[in-house]
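Participant: Contents are mmCIF, C-alpha atoms; file name query_27.cif:
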```
data_coords
#
loop_
_atom_site.label_atom_id
_atom_site.label_comp_id
_atom_site.auth_asym_id
_atom_site.auth_seq_id
_atom_site.Cartn_x
_atom_site.Cartn_y
_atom_site.Cartn_z
CA MET A 1 23.43 6.98 -6.19
CA ARG A 2 20.86 9.75 -6.43
CA ILE A 3 17.17 10.36 -5.83
CA ILE A 4 14.93 12.18 -8.31
CA GLU A 5 12.12 13.99 -6.51
CA THR A 6 9.76 16.95 -6.49
CA ARG A 7 10.43 18.61 -3.17
CA ARG A 8 6.94 19.83 -2.35
CA ALA A 9 5.18 16.53 -3.17
CA PRO A 10 4.28 14.34 -0.19
CA ASN A 11 5.85 11.01 -1.17
CA PRO A 12 9.40 12.33 -1.64
CA ARG A 13 9.16 13.87 1.84
CA ARG A 14 8.55 10.41 3.31
CA VAL A 15 11.91 9.30 1.91
CA ARG A 16 13.72 12.47 3.04
CA ILE A 17 12.47 12.06 6.63
CA PHE A 18 13.37 8.35 6.61
CA LEU A 19 16.92 9.09 5.45
CA ALA A 20 17.30 11.90 8.00
CA GLU A 21 16.27 9.50 10.80
CA LYS A 22 18.89 7.03 9.54
CA GLY A 23 21.53 9.74 9.15
CA ILE A 24 22.05 8.77 5.50
CA GLN A 25 22.88 11.44 2.93
CA VAL A 26 21.89 10.96 -0.71
CA PRO A 27 22.05 13.65 -3.42
CA PHE A 28 18.63 14.81 -4.56
CA GLU A 29 17.77 15.98 -8.07
CA GLU A 30 14.65 18.12 -8.49
CA VAL A 31 12.13 17.71 -11.31
CA ASP A 32 8.96 19.77 -11.68
CA LEU A 33 6.07 17.34 -11.81
CA MET A 34 3.60 20.19 -12.31
CA ALA A 35 5.43 21.06 -15.54
CA GLY A 36 4.96 17.54 -16.91
CA ALA A 37 8.44 16.20 -16.07
CA LEU A 38 7.05 12.78 -15.11
CA LYS A 39 5.29 12.27 -18.45
CA THR A 40 8.43 12.49 -20.61
CA PRO A 41 9.74 9.34 -22.32
CA GLU A 42 13.01 9.72 -20.39
CA PHE A 43 11.31 9.70 -17.00
CA SER A 44 8.80 7.00 -18.01
CA ALA A 45 11.75 4.77 -18.89
CA LEU A 46 12.95 5.17 -15.29
CA ASN A 47 9.50 4.72 -13.74
CA PRO A 48 6.61 3.62 -15.95
CA MET A 49 4.22 4.62 -13.12
CA GLN A 50 5.34 8.25 -13.71
CA ARG A 51 5.73 9.06 -10.02
CA VAL A 52 8.43 10.49 -7.79
CA PRO A 53 10.59 9.71 -5.88
CA VAL A 54 12.93 7.43 -7.83
CA LEU A 55 16.24 6.09 -6.47
CA ILE A 56 18.96 5.37 -9.03
CA LEU A 57 21.83 3.18 -7.82
CA ASP A 58 25.36 3.51 -9.16
CA ASP A 59 24.93 0.38 -11.32
CA GLY A 60 21.82 1.91 -12.93
CA THR A 61 19.27 -0.10 -10.94
CA VAL A 62 16.11 1.98 -10.49
CA ILE A 63 13.92 1.67 -7.39
CA SER A 64 10.62 3.56 -7.23
CA GLU A 65 7.82 3.56 -4.64
CA SER A 66 8.69 5.45 -1.46
CA VAL A 67 8.39 2.45 0.84
CA ALA A 68 10.54 0.31 -1.46
CA ILE A 69 13.25 2.98 -1.38
CA CYS A 70 13.00 3.13 2.41
CA ARG A 71 13.19 -0.65 2.67
CA TYR A 72 16.37 -0.67 0.56
CA PHE A 73 18.04 1.66 3.05
CA GLU A 74 16.66 -0.29 6.05
CA GLU A 75 18.41 -3.40 4.70
CA LEU A 76 21.65 -1.48 4.02
CA GLN A 77 21.63 0.11 7.48
CA PRO A 78 19.24 -1.64 9.88
CA GLN A 79 19.62 0.80 12.80
CA PRO A 80 17.65 2.67 13.93
CA ALA A 81 15.00 0.13 12.91
CA LEU A 82 12.17 2.05 11.25
CA PHE A 83 10.33 -1.04 9.96
CA GLY A 84 10.20 -2.68 13.41
CA GLU A 85 12.16 -5.59 14.88
CA GLY A 86 11.25 -9.24 15.25
CA ALA A 87 8.35 -10.97 13.53
CA VAL A 88 5.61 -9.31 15.58
CA GLY A 89 7.35 -5.92 15.63
CA GLN A 90 7.79 -5.89 11.86
CA ALA A 91 4.19 -7.02 11.33
CA MET A 92 2.93 -4.23 13.60
CA VAL A 93 4.84 -1.55 11.68
CA GLU A 94 3.67 -3.00 8.36
CA MET A 95 0.09 -3.06 9.64
CA TRP A 96 0.12 0.51 10.93
CA ASN A 97 1.97 1.91 7.94
CA ARG A 98 -0.64 0.33 5.68
CA ARG A 99 -3.58 1.43 7.80
CA VAL A 100 -2.26 5.00 7.71
CA GLU A 101 -1.56 4.80 3.96
CA LEU A 102 -4.98 3.36 3.16
CA GLY A 103 -7.07 5.30 5.62
CA LEU A 104 -5.30 8.66 5.82
CA PHE A 105 -2.53 9.29 3.29
CA ALA A 106 -4.55 7.96 0.34
CA ALA A 107 -7.64 9.87 1.48
CA VAL A 108 -5.82 13.20 1.88
CA THR A 109 -4.08 12.86 -1.48
CA ALA A 110 -7.35 11.80 -3.17
CA ALA A 111 -9.09 14.91 -1.77
CA PHE A 112 -6.21 16.99 -3.15
CA ARG A 113 -5.84 15.30 -6.52
CA HIS A 114 -9.56 15.11 -7.34
CA LEU A 115 -10.52 18.61 -6.18
CA HIS A 116 -7.56 20.90 -6.85
CA PRO A 117 -7.81 22.62 -10.27
CA LYS A 118 -4.03 22.45 -10.74
CA MET A 119 -4.15 18.63 -10.66
CA SER A 120 -6.51 18.27 -13.61
CA HIS A 121 -3.72 17.21 -15.99
CA LEU A 122 -2.22 14.68 -13.55
CA GLU A 123 -5.40 13.08 -12.19
CA VAL A 124 -7.44 12.07 -15.23
CA PRO A 125 -10.36 12.08 -14.86
CA GLN A 126 -10.82 14.16 -11.73
CA VAL A 127 -13.93 12.88 -9.94
CA ALA A 128 -15.05 15.65 -7.60
CA ALA A 129 -17.53 13.41 -5.76
CA TRP A 130 -14.69 11.03 -4.92
CA GLY A 131 -12.57 13.90 -3.65
CA GLU A 132 -15.44 15.04 -1.44
CA ALA A 133 -16.08 11.49 -0.15
CA ASN A 134 -12.47 11.31 0.96
CA LYS A 135 -12.80 14.39 3.16
CA ALA A 136 -15.09 12.42 5.47
CA LYS A 137 -12.71 9.44 5.37
CA VAL A 138 -9.87 11.72 6.53
CA VAL A 139 -11.86 12.87 9.56
CA ASP A 140 -12.98 9.34 10.45
CA MET A 141 -9.40 8.05 10.30
CA LEU A 142 -7.98 10.91 12.36
CA ARG A 143 -10.55 10.13 15.07
CA LEU A 144 -9.63 6.44 14.95
CA LEU A 145 -5.92 7.30 15.23
CA ASP A 146 -6.70 9.63 18.13
CA GLY A 147 -8.08 6.71 20.11
CA GLU A 148 -5.00 4.62 19.32
CA LEU A 149 -2.58 7.39 20.30
CA ALA A 150 -4.26 7.72 23.72
CA ALA A 151 -2.57 4.48 24.72
CA ARG A 152 0.95 4.75 23.27
CA PRO A 153 3.47 7.35 22.07
CA PHE A 154 3.80 6.26 18.43
CA LEU A 155 1.49 4.67 15.89
CA ALA A 156 3.05 1.22 15.89
CA GLY A 157 3.89 1.13 19.60
CA HIS A 158 6.72 2.45 21.75
CA HIS A 159 9.13 3.21 18.91
CA TYR A 160 9.08 5.79 16.13
CA SER A 161 8.63 4.04 12.77
CA ILE A 162 7.86 4.53 9.10
CA ALA A 163 4.16 4.53 10.11
CA ASP A 164 4.77 7.81 11.96
CA ILE A 165 6.53 9.23 8.90
CA THR A 166 3.61 8.35 6.65
CA ALA A 167 1.12 9.86 9.10
CA LEU A 168 3.18 13.02 9.64
CA VAL A 169 3.43 13.68 5.92
CA ALA A 170 -0.29 13.01 5.48
CA VAL A 171 -1.27 15.39 8.32
CA ASP A 172 1.02 18.12 6.98
CA PHE A 173 -0.52 17.64 3.52
CA LEU A 174 -4.01 18.40 4.88
CA LYS A 175 -3.37 22.07 4.10
CA ALA A 176 -2.76 21.39 0.40
CA ALA A 177 -6.08 19.52 0.35
CA ARG A 178 -7.73 22.54 2.04
CA LEU A 179 -8.44 20.49 5.17
CA GLU A 180 -7.43 20.84 8.78
CA LEU A 181 -7.28 18.71 11.92
CA PRO A 182 -10.84 18.26 13.21
CA GLU A 183 -11.74 19.11 16.80
CA GLY A 184 -11.42 16.48 19.46
CA VAL A 185 -8.18 14.82 18.33
CA ALA A 186 -5.93 15.97 21.18
CA ASN A 187 -3.85 12.79 21.08
CA VAL A 188 -3.13 13.25 17.38
CA ALA A 189 -2.17 16.87 18.10
CA ARG A 190 0.22 15.77 20.91
CA TRP A 191 1.78 13.10 18.67
CA HIS A 192 2.02 15.56 15.76
CA ALA A 193 3.84 18.13 17.90
CA GLU A 194 6.31 15.49 19.05
CA VAL A 195 7.15 14.01 15.65
CA SER A 196 7.29 17.52 14.13
CA ALA A 197 9.91 18.51 16.73
CA ARG A 198 12.34 15.81 15.55
CA PRO A 199 15.06 17.28 13.31
CA SER A 200 14.03 14.84 10.54
CA ALA A 201 10.70 16.64 10.08
CA ALA A 202 12.53 19.55 8.47
CA ALA A 203 14.22 17.29 5.89
CA MET B 1 -3.23 -19.07 16.20
CA ARG B 2 -6.08 -18.61 13.76
CA ILE B 3 -7.09 -16.40 10.83
CA ILE B 4 -10.53 -14.83 10.50
CA GLU B 5 -11.48 -14.40 6.84
CA THR B 6 -14.23 -14.27 4.28
CA ARG B 7 -13.25 -16.92 1.78
CA ARG B 8 -14.53 -15.30 -1.40
CA ALA B 9 -13.01 -11.85 -0.72
CA PRO B 10 -9.76 -11.06 -2.53
CA ASN B 11 -7.49 -10.03 0.38
CA PRO B 12 -7.88 -13.24 2.39
CA ARG B 13 -6.95 -15.20 -0.74
CA ARG B 14 -3.61 -13.37 -0.85
CA VAL B 15 -2.80 -14.76 2.60
CA ARG B 16 -4.03 -18.28 1.76
CA ILE B 17 -1.83 -18.44 -1.35
CA PHE B 18 1.16 -17.05 0.58
CA LEU B 19 0.78 -19.68 3.31
CA ALA B 20 0.35 -22.46 0.73
CA GLU B 21 3.61 -21.39 -0.97
CA LYS B 22 5.32 -21.52 2.44
CA GLY B 23 3.72 -24.86 3.34
CA ILE B 24 2.31 -23.36 6.55
CA GLN B 25 -1.07 -24.51 7.88
CA VAL B 26 -3.20 -22.14 9.96
CA PRO B 27 -6.83 -22.77 10.95
CA PHE B 28 -9.27 -20.43 9.21
CA GLU B 29 -12.51 -19.13 10.68
CA GLU B 30 -15.14 -17.84 8.25
CA VAL B 31 -17.21 -14.69 8.81
CA ASP B 32 -19.77 -13.34 6.36
CA LEU B 33 -18.74 -9.77 5.55
CA MET B 34 -21.79 -9.31 3.32
CA ALA B 35 -24.00 -9.98 6.37
CA GLY B 36 -22.31 -7.18 8.34
CA ALA B 37 -19.94 -9.35 10.39
CA LEU B 38 -17.12 -6.76 10.13
CA LYS B 39 -19.27 -3.93 11.56
CA THR B 40 -19.96 -5.60 14.91
CA PRO B 41 -18.35 -4.21 18.09
CA GLU B 42 -16.61 -7.56 18.62
CA PHE B 43 -14.93 -7.54 15.22
CA SER B 44 -14.16 -3.80 15.36
CA ALA B 45 -12.31 -4.44 18.63
CA LEU B 46 -10.08 -6.88 16.72
CA ASN B 47 -9.65 -4.64 13.67
CA PRO B 48 -10.92 -1.05 13.82
CA MET B 49 -10.50 -0.87 10.02
CA GLN B 50 -13.29 -3.50 9.79
CA ARG B 51 -11.53 -5.58 7.16
CA VAL B 52 -10.55 -9.22 6.75
CA PRO B 53 -8.25 -11.11 7.04
CA VAL B 54 -7.16 -10.87 10.68
CA LEU B 55 -4.52 -13.10 12.26
CA ILE B 56 -4.88 -13.78 15.99
CA LEU B 57 -1.80 -15.17 17.73
CA ASP B 58 -2.00 -17.50 20.73
CA ASP B 59 -1.10 -14.66 23.11
CA GLY B 60 -4.00 -12.58 21.75
CA THR B 61 -1.90 -10.28 19.53
CA VAL B 62 -3.96 -9.25 16.51
CA ILE B 63 -2.35 -8.58 13.11
CA SER B 64 -4.47 -7.23 10.26
CA GLU B 65 -3.58 -6.09 6.74
CA SER B 66 -2.82 -8.98 4.37
CA VAL B 67 0.76 -7.93 3.69
CA ALA B 68 1.49 -7.50 7.42
CA ILE B 69 0.21 -11.04 8.05
CA CYS B 70 2.37 -12.34 5.21
CA ARG B 71 5.41 -10.48 6.54
CA TYR B 72 4.92 -12.07 9.98
CA PHE B 73 5.12 -15.52 8.41
CA GLU B 74 8.08 -14.52 6.19
CA GLU B 75 10.01 -13.61 9.36
CA LEU B 76 8.97 -16.82 11.12
CA GLN B 77 9.91 -18.98 8.14
CA PRO B 78 12.10 -17.11 5.64
CA GLN B 79 12.18 -19.81 2.94
CA PRO B 80 10.98 -19.81 0.24
CA ALA B 81 11.60 -16.04 0.27
CA LEU B 82 8.44 -14.39 -1.06
CA PHE B 83 9.49 -10.82 -0.16
CA GLY B 84 12.81 -11.08 -2.02
CA GLU B 85 16.38 -11.50 -0.76
CA GLY B 86 19.10 -8.91 -0.22
CA ALA B 87 18.61 -5.15 -0.18
CA VAL B 88 17.95 -4.78 -3.92
CA GLY B 89 15.90 -7.98 -4.12
CA GLN B 90 13.65 -6.94 -1.25
CA ALA B 91 13.27 -3.44 -2.67
CA MET B 92 12.28 -4.86 -6.07
CA VAL B 93 9.58 -7.05 -4.55
CA GLU B 94 8.30 -4.16 -2.42
CA MET B 95 8.26 -1.93 -5.52
CA TRP B 96 6.39 -4.38 -7.70
CA ASN B 97 3.98 -5.45 -5.01
CA ARG B 98 3.10 -1.79 -4.46
CA ARG B 99 2.86 -1.00 -8.16
CA VAL B 100 0.47 -3.93 -8.59
CA GLU B 101 -1.51 -2.96 -5.49
CA LEU B 102 -1.78 0.69 -6.50
CA GLY B 103 -2.24 0.27 -10.23
CA LEU B 104 -4.19 -2.99 -10.53
CA PHE B 105 -5.53 -4.47 -7.28
CA ALA B 106 -6.86 -1.14 -5.99
CA ALA B 107 -8.33 -0.30 -9.39
CA VAL B 108 -10.12 -3.65 -9.78
CA THR B 109 -11.51 -3.52 -6.25
CA ALA B 110 -12.58 0.13 -6.71
CA ALA B 111 -14.46 -0.81 -9.89
CA PHE B 112 -16.16 -3.60 -7.93
CA ARG B 113 -16.88 -1.70 -4.72
CA HIS B 114 -18.17 1.48 -6.38
CA LEU B 115 -20.31 -0.16 -9.08
CA HIS B 116 -21.71 -3.40 -7.63
CA PRO B 117 -25.17 -2.88 -6.06
CA LYS B 118 -24.39 -5.43 -3.31
CA MET B 119 -21.51 -3.26 -2.04
CA SER B 120 -23.66 -0.21 -1.32
CA HIS B 121 -23.65 -0.83 2.47
CA LEU B 122 -19.88 -1.45 2.62
CA GLU B 123 -18.61 1.31 0.29
CA VAL B 124 -20.25 4.52 1.53
CA PRO B 125 -20.75 6.55 -0.54
CA GLN B 126 -20.48 4.58 -3.75
CA VAL B 127 -19.19 6.94 -6.45
CA ALA B 128 -20.09 5.38 -9.79
CA ALA B 129 -17.91 7.79 -11.78
CA TRP B 130 -14.89 6.69 -9.73
CA GLY B 131 -15.74 3.04 -10.36
CA GLU B 132 -15.93 3.74 -14.10
CA ALA B 133 -12.66 5.70 -14.07
CA ASN B 134 -10.93 2.70 -12.55
CA LYS B 135 -11.95 0.43 -15.40
CA ALA B 136 -9.62 2.37 -17.69
CA LYS B 137 -6.86 2.28 -15.06
CA VAL B 138 -7.14 -1.52 -14.96
CA VAL B 139 -6.63 -1.79 -18.72
CA ASP B 140 -3.72 0.67 -18.71
CA MET B 141 -1.97 -1.23 -15.93
CA LEU B 142 -2.47 -4.64 -17.53
CA ARG B 143 -0.86 -3.29 -20.72
CA LEU B 144 2.05 -1.89 -18.70
CA LEU B 145 2.50 -5.25 -16.93
CA ASP B 146 2.35 -7.01 -20.28
CA GLY B 147 5.41 -5.10 -21.42
CA GLU B 148 7.26 -5.95 -18.23
CA LEU B 149 6.39 -9.66 -18.43
CA ALA B 150 7.84 -9.85 -21.94
CA ALA B 151 11.30 -9.70 -20.40
CA ARG B 152 11.06 -11.94 -17.31
CA PRO B 153 9.01 -14.83 -15.91
CA PHE B 154 7.67 -13.12 -12.77
CA LEU B 155 6.70 -9.57 -11.86
CA ALA B 156 9.67 -8.81 -9.61
CA GLY B 157 12.24 -10.77 -11.62
CA HIS B 158 13.27 -14.41 -11.86
CA HIS B 159 11.55 -15.58 -8.69
CA TYR B 160 7.90 -15.94 -7.73
CA SER B 161 7.02 -13.40 -5.03
CA ILE B 162 4.18 -11.74 -3.15
CA ALA B 163 3.89 -9.35 -6.11
CA ASP B 164 2.75 -12.30 -8.25
CA ILE B 165 0.24 -13.29 -5.57
CA THR B 166 -1.23 -9.77 -5.48
CA ALA B 167 -1.46 -9.65 -9.27
CA LEU B 168 -2.97 -13.15 -9.55
CA VAL B 169 -5.70 -12.32 -7.04
CA ALA B 170 -6.39 -9.01 -8.79
CA VAL B 171 -6.66 -10.65 -12.24
CA ASP B 172 -8.96 -13.37 -10.92
CA PHE B 173 -11.11 -10.67 -9.29
CA LEU B 174 -11.72 -8.98 -12.66
CA LYS B 175 -14.77 -11.22 -13.09
CA ALA B 176 -16.40 -9.93 -9.88
CA ALA B 177 -15.86 -6.40 -11.21
CA ARG B 178 -17.48 -7.45 -14.51
CA LEU B 179 -14.19 -6.94 -16.37
CA GLU B 180 -11.96 -9.23 -18.38
CA LEU B 181 -8.40 -9.32 -19.68
CA PRO B 182 -8.14 -6.89 -22.61
CA GLU B 183 -6.81 -8.01 -25.97
CA GLY B 184 -3.11 -7.78 -26.66
CA VAL B 185 -1.76 -8.87 -23.27
CA ALA B 186 -0.31 -12.25 -24.27
CA ASN B 187 2.52 -12.01 -21.75
CA VAL B 188 0.07 -11.42 -18.90
CA ALA B 189 -1.96 -14.39 -20.13
CA ARG B 190 1.19 -16.60 -20.21
CA TRP B 191 2.19 -15.49 -16.71
CA HIS B 192 -1.38 -15.94 -15.44
CA ALA B 193 -1.55 -19.50 -16.76
CA GLU B 194 1.76 -20.33 -15.05
CA VAL B 195 0.97 -18.88 -11.63
CA SER B 196 -2.54 -20.36 -11.77
CA ALA B 197 -1.05 -23.83 -12.35
CA ARG B 198 0.85 -23.70 -9.05
CA PRO B 199 -0.96 -25.72 -6.33
CA SER B 200 -1.10 -22.59 -4.14
CA ALA B 201 -3.55 -20.91 -6.54
CA ALA B 202 -6.27 -23.31 -5.36
CA ALA B 203 -5.74 -22.39 -1.70
#
```
For this file, produce the structure as structure tokens.
Facilitator:
Amino acid sequence: MRIIETRRAPNPRRVRIFLAEKGIQVPFEEVDLMAGALKTPEFSALNPMQRVPVLILDDGTVISESVAICRYFEELQPQPALFGEGAVGQAMVEMWNRRVELGLFAAVTAAFRHLHPKMSHLEVPQVAAWGEANKAKVVDMLRLLDGELAARPFLAGHHYSIADITALVAVDFLKAARLELPEGVANVARWHAEVSARPSAAA
Amino acid sequence: MRIIETRRAPNPRRVRIFLAEKGIQVPFEEVDLMAGALKTPEFSALNPMQRVPVLILDDGTVISESVAICRYFEELQPQPALFGEGAVGQAMVEMWNRRVELGLFAAVTAAFRHLHPKMSHLEVPQVAAWGEANKAKVVDMLRLLDGELAARPFLAGHHYSIADITALVAVDFLKAARLELPEGVANVARWHAEVSARPSAAA
């Protein structure tokens, strides 16, 4: 199997961190999405959504969407459980991963994609007002998460999960969107330092 | 347990259809999101994201996010499997559910939320240009799905799944967004007629 990715894009990093936490090694193949690699007929045949990462299994099966790739590996190797355990535990991880995706990851990437001049050929049309609106959403969500992280070590509870991976990648992508952590989010800063210190964060 | 919802909103319908397919009965409690019910301190304490549906378990545990609620019930009662079976099967459902969420459901709801005058107090700020941009995304995604549905009965393969539920709710919500199925998507129309004929569609 192999994974096609663009190393500096945020979604492939989610998969790399997930695999590092699992201790699973998969060969990566780099494509340059800024050079139009995702718009070619060859890549579109692999993933009609024209996004990285893409996992290609040895039998040719193609799995795209970062969380779908992560779920494949969770099923292959359940421990450590990064999607939670038990009905309530799995629901809590799903809930927090989605809250972070919807409220933070999507907002940071929208601010980047709709405002950065280099993204004008990938985000069509760029809507600057939508990019600007998302800057406020980012701050609101970071403040909400700060309140949550006052009461527990990780986003979905007492165990590190895919929700922490999604949030870590989103926070680290603030810089690309020309944003930074607002003041008054000390709990987010504590959590960010801790998850950044795990070896997986360098994956 | 009970579920708090607003019956005419699209996300609660995803959960109702899912439960109907499972044959699980849960009492529903209606709140009027258009009257500001989600902005109250009481509701925000249940779900700080201020969205419906919300599942409240008998021990007081609160689960929000439609897919997290569905996953809770999938774990409690695995059959019929609506999140797929096996590592590849589950990854395929996750992939298609996310493609449909990202490419269709999110686009239809963005067109609705950013363009409908009644949504001006819930979508702040409304960005009309972003609503308009999403109309084209809806058409593009329906054409992509039409090609996929030429080759198989359901979105994720040979079995009905949560990806079909997400797509059905999105297609039926076109009307609220003042959109309709474009021409030339006969496979989508065939699939839509089939999934709409299931008793769960009336849930």
Participant: Using all atoms listed in the file, find each residue of chain B with at least one atom at most 10 Å away from an atom of chain A; report its shortest atom-to-atom pair and that distance in Å (one decimal), sort the rows by chain and rising residue number, and return the result as a Markdown table.
Facilitator:
```
| residue | atom | partner | partner_atom | distance |
| --- | --- | --- | --- | --- |
| B:Pro48 | CA | A:Leu144 | CA | 7.7 |
| B:Met49 | CA | A:Arg99 | CA | 7.6 |
| B:Leu57 | CA | A:Val88 | CA | 9.7 |
| B:Thr61 | CA | A:Val88 | CA | 8.5 |
| B:Val62 | CA | A:Met92 | CA | 9.0 |
| B:Ile63 | CA | A:Met92 | CA | 6.9 |
| B:Ser64 | CA | A:Met95 | CA | 6.2 |
| B:Glu65 | CA | A:Met95 | CA | 5.6 |
| B:Ser66 | CA | A:Met95 | CA | 8.4 |
| B:Val67 | CA | A:Glu94 | CA | 7.4 |
| B:Ala68 | CA | A:Ala91 | CA | 4.8 |
| B:Ile69 | CA | A:Ala91 | CA | 6.5 |
| B:Cys70 | CA | A:Ala91 | CA | 8.3 |
| B:Arg71 | CA | A:Ala91 | CA | 6.0 |
| B:Tyr72 | CA | A:Ala87 | CA | 5.1 |
| B:Phe73 | CA | A:Ala87 | CA | 7.6 |
| B:Glu74 | CA | A:Ala87 | CA | 8.2 |
| B:Glu75 | CA | A:Ala87 | CA | 5.2 |
| B:Leu76 | CA | A:Ala87 | CA | 6.4 |
| B:Gln77 | CA | A:Ala87 | CA | 9.8 |
| B:Glu85 | CA | A:Glu75 | CA | 10.0 |
| B:Gly86 | CA | A:Glu75 | CA | 7.4 |
| B:Ala87 | CA | A:Tyr72 | CA | 5.1 |
| B:Val88 | CA | A:Tyr72 | CA | 6.3 |
| B:Gly89 | CA | A:Tyr72 | CA | 8.7 |
| B:Gln90 | CA | A:Tyr72 | CA | 7.1 |
| B:Ala91 | CA | A:Ala68 | CA | 4.8 |
| B:Met92 | CA | A:Ile63 | CA | 6.9 |
| B:Val93 | CA | A:Ala68 | CA | 8.0 |
| B:Glu94 | CA | A:Ala68 | CA | 5.1 |
| B:Met95 | CA | A:Ala68 | CA | 5.2 |
| B:Trp96 | CA | A:Glu65 | CA | 8.6 |
| B:Asn97 | CA | A:Ala68 | CA | 9.4 |
| B:Arg98 | CA | A:Glu65 | CA | 7.1 |
| B:Arg99 | CA | A:Glu65 | CA | 7.6 |
| B:Leu102 | CA | A:Met49 | CA | 9.8 |
| B:Gly103 | CA | A:Met49 | CA | 8.3 |
| B:Val124 | CA | A:Ala133 | CA | 8.3 |
| B:Pro125 | CA | A:Ala133 | CA | 6.8 |
| B:Gln126 | CA | A:Trp130 | CA | 8.7 |
| B:Val127 | CA | A:Trp130 | CA | 6.3 |
| B:Ala128 | CA | A:Trp130 | CA | 9.2 |
| B:Ala129 | CA | A:Val127 | CA | 6.7 |
| B:Trp130 | CA | A:Val127 | CA | 6.3 |
| B:Gly131 | CA | A:Trp130 | CA | 9.7 |
| B:Ala133 | CA | A:Pro125 | CA | 6.8 |
| B:Asn134 | CA | A:Pro125 | CA | 9.7 |
| B:Lys137 | CA | A:Val124 | CA | 9.8 |
| B:Met141 | CA | A:Met49 | CA | 9.0 |
| B:Leu144 | CA | A:Pro48 | CA | 7.7 |
| B:Leu145 | CA | A:Pro48 | CA | 9.8 |
| B:Glu148 | CA | A:Pro48 | CA | 9.9 |
```
Participant: Please list as a PyMOL selection string every residue within 12 Å of Asn187 in chain B, counting all atoms listed in the file and excluding residues in the same chain fewer than 6 positions away.
Facilitator: chain B and resi 142-155+181+193-194
Participant: Rounded to one decimal place, report the CA of Leu33 in chain A-CA of Arg51 in chain A distance in Å.
Facilitator: 8.5 Å
Participant: List the residues matched by the PyMOL selection byres ((chain A and resi 16) around 10) in the displayed structure as JSON, numbers by chain, ordered by chain and then by residue number.
Facilitator: {"A": [3, 5, 7, 11, 12, 13, 14, 15, 17, 18, 19, 20, 21, 22, 24, 25, 26, 28, 53, 66, 70, 165, 200, 201, 202, 203]}
Participant: Here is a test: counting all atoms listed in the file, which residue of B:Met34, B:Ala156, B:Ala167, B:Ile4 is nearest to Ser120 in chain B?
Facilitator: B:Met34
Participant: Show me the residues around (-21.7, -7.2, -7.8) - criterion: an atom at most 12 Å away, only C-alpha atoms counted - as a ChimeraX atom specification.
Facilitator: /B:34,109-120,173-179
Participant: How many Å separate CA of Ile162 in chain A from CA of Gly84 in chain B?
Facilitator: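 Going from CA of Ile162 in chain A over to CA of Gly84 in chain B, I get 19.8 Å.
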Participant: Taking into account all atoms listed in the file, which residue in the set A:Arg8, A:Lys39, A:His159, A:Lys135 is nearest to Val195 in chain A?
Facilitator: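 Comparing A:Arg8, A:Lys39, A:His159, A:Lys135 against Val195 in chain A, the winner is A:His159.
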Participant: For a test of reading the model, state the distance in Å between CA of Ala163 in chain B and CA of Pro78 in chain B, rounded to one decimal.
Facilitator: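 So the two atoms, CA of Ala163 in chain B and CA of Pro78 in chain B, lie 16.3 Å apart.
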